[in-house]
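Note sheet for the following structure.
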Amino acid sequence: MKLYVDADAMPSIGVIEDTARHYQIPCILVSDDSHQLMSSYSTVITVSKGYQSVDMWLVNHLEKGDIVITQDYGVAVLALTKGTKVISPKGMIYTNQNIDTLLEQRHQNQKLIRQKKYGKGPKKRTSKDEEQLKQSLINCIEEEL
């Protein structure tokens with residue numbers, strides 16, 4: 001089991017690394033070369049900036065039993081087909097049962113945006129989001145052990 005993080009816009013790397021370190025699980029942070037990531041625990045993979053370059057690198061390296069943290073629904077769908085556990089940065093666990101609903105909601109929101117009917121945008125991250133992410137990660141790890 002490895003923990004992969006779509007790290008281009010990941011605000012919770014400290015929580016993720018602390019949890020991975022506690023369980024002694026390899027953690028791989030993947031970002032493009034427009035980000036400068038450093039870590040004393042994780043392996044940092046930097047790919048060339050390009051359309052979905054991080055996403056494709058992630059999907060191509062996943063194996064059954066791995067865990068992925070991403071906010072990208074496309075990555076989530078492809079990761080689920082490979083038998084991985086997938087978690088959002090706010091701690092939602094993506095499953096084969098909920099991903100279709102999430103994709104449909106995204107589609108409806110994109111239609112509203114094209115019609116110039118804007119919402120308020122995403123809510124700010126809270127300490128509750130951090131705790132939910134940590135707990136979801138722990139749950140996924142312990143299910144795989």
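Going by the structure tokens order, chains are called A, B, ..., each with residues numbered from 1, while ligands are numbered from 1 in the order shown.
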Next on the checklist: Report as a ChimeraX atom specification all protein, DNA and RNA residues lying within 12 Å of region 52-68 of chain A, evaluated on only C-alpha atoms, omitting residues in the same chain fewer than 5 positions from it.
Outcome noted: /A:1-9,16,20,25-35,45-47,73-89,91-94,133,136-145
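Close contacts of Asp18 (chain A), defined as residues with an atom at most 10 Å away when counting only C-alpha atoms, with chain neighbours fewer than 5 positions off set aside, comprise A:Ile13, A:Tyr23, A:Gln24, A:Tyr41, A:Lys134.
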Item to check | Residues flagged alpha helix (DSSP H) by DSSP in region 57-144 of chain A, as number ranges by chain | outcome: A: 57-61, 73-81, 99-114, 127-144
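One finds CA of Lys117 (chain A) at 26.6 Å from CA of Thr70 (chain A).
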Item to check | Nearest-residue call for Leu37 (chain A), choices A:Asp100, A:Met10, A:Val15, A:Gln108, using only C-alpha atoms | outcome: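 Of A:Asp100, A:Met10, A:Val15, A:Gln108, the one nearest Leu37 (chain A) is A:Met10, counting only C-alpha atoms.
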DSSP-assigned strand (DSSP E or B) members of region 76-130 of chain A, reported as a PDB file with N, CA and C atoms, in the first residue's frame:
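Saved the output as result_24.pdb:
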```pdb
ATOM      1  N   LYS A  85      -8.470   3.266  -2.895  1.00  0.00           N
ATOM      2  CA  LYS A  85      -9.342   4.100  -2.069  1.00  0.00           C
ATOM      3  C   LYS A  85      -9.021   5.539  -2.460  1.00  0.00           C
ATOM      4  N   VAL A  86     -10.056   6.383  -2.533  1.00  0.00           N
ATOM      5  CA  VAL A  86      -9.868   7.763  -2.957  1.00  0.00           C
ATOM      6  C   VAL A  86     -10.555   8.693  -1.968  1.00  0.00           C
ATOM      7  N   ILE A  87      -9.818   9.724  -1.550  1.00  0.00           N
ATOM      8  CA  ILE A  87     -10.305  10.664  -0.540  1.00  0.00           C
ATOM      9  C   ILE A  87     -10.140  12.082  -1.076  1.00  0.00           C
ATOM     10  N   ILE A  93     -14.837  10.340   1.233  1.00  0.00           N
ATOM     11  CA  ILE A  93     -14.326   9.143   0.577  1.00  0.00           C
ATOM     12  C   ILE A  93     -15.154   8.919  -0.683  1.00  0.00           C
ATOM     13  N   TYR A  94     -14.481   8.977  -1.834  1.00  0.00           N
ATOM     14  CA  TYR A  94     -15.159   8.721  -3.098  1.00  0.00           C
ATOM     15  C   TYR A  94     -15.338   7.214  -3.245  1.00  0.00           C
TER      16      TYR A  94
END
```
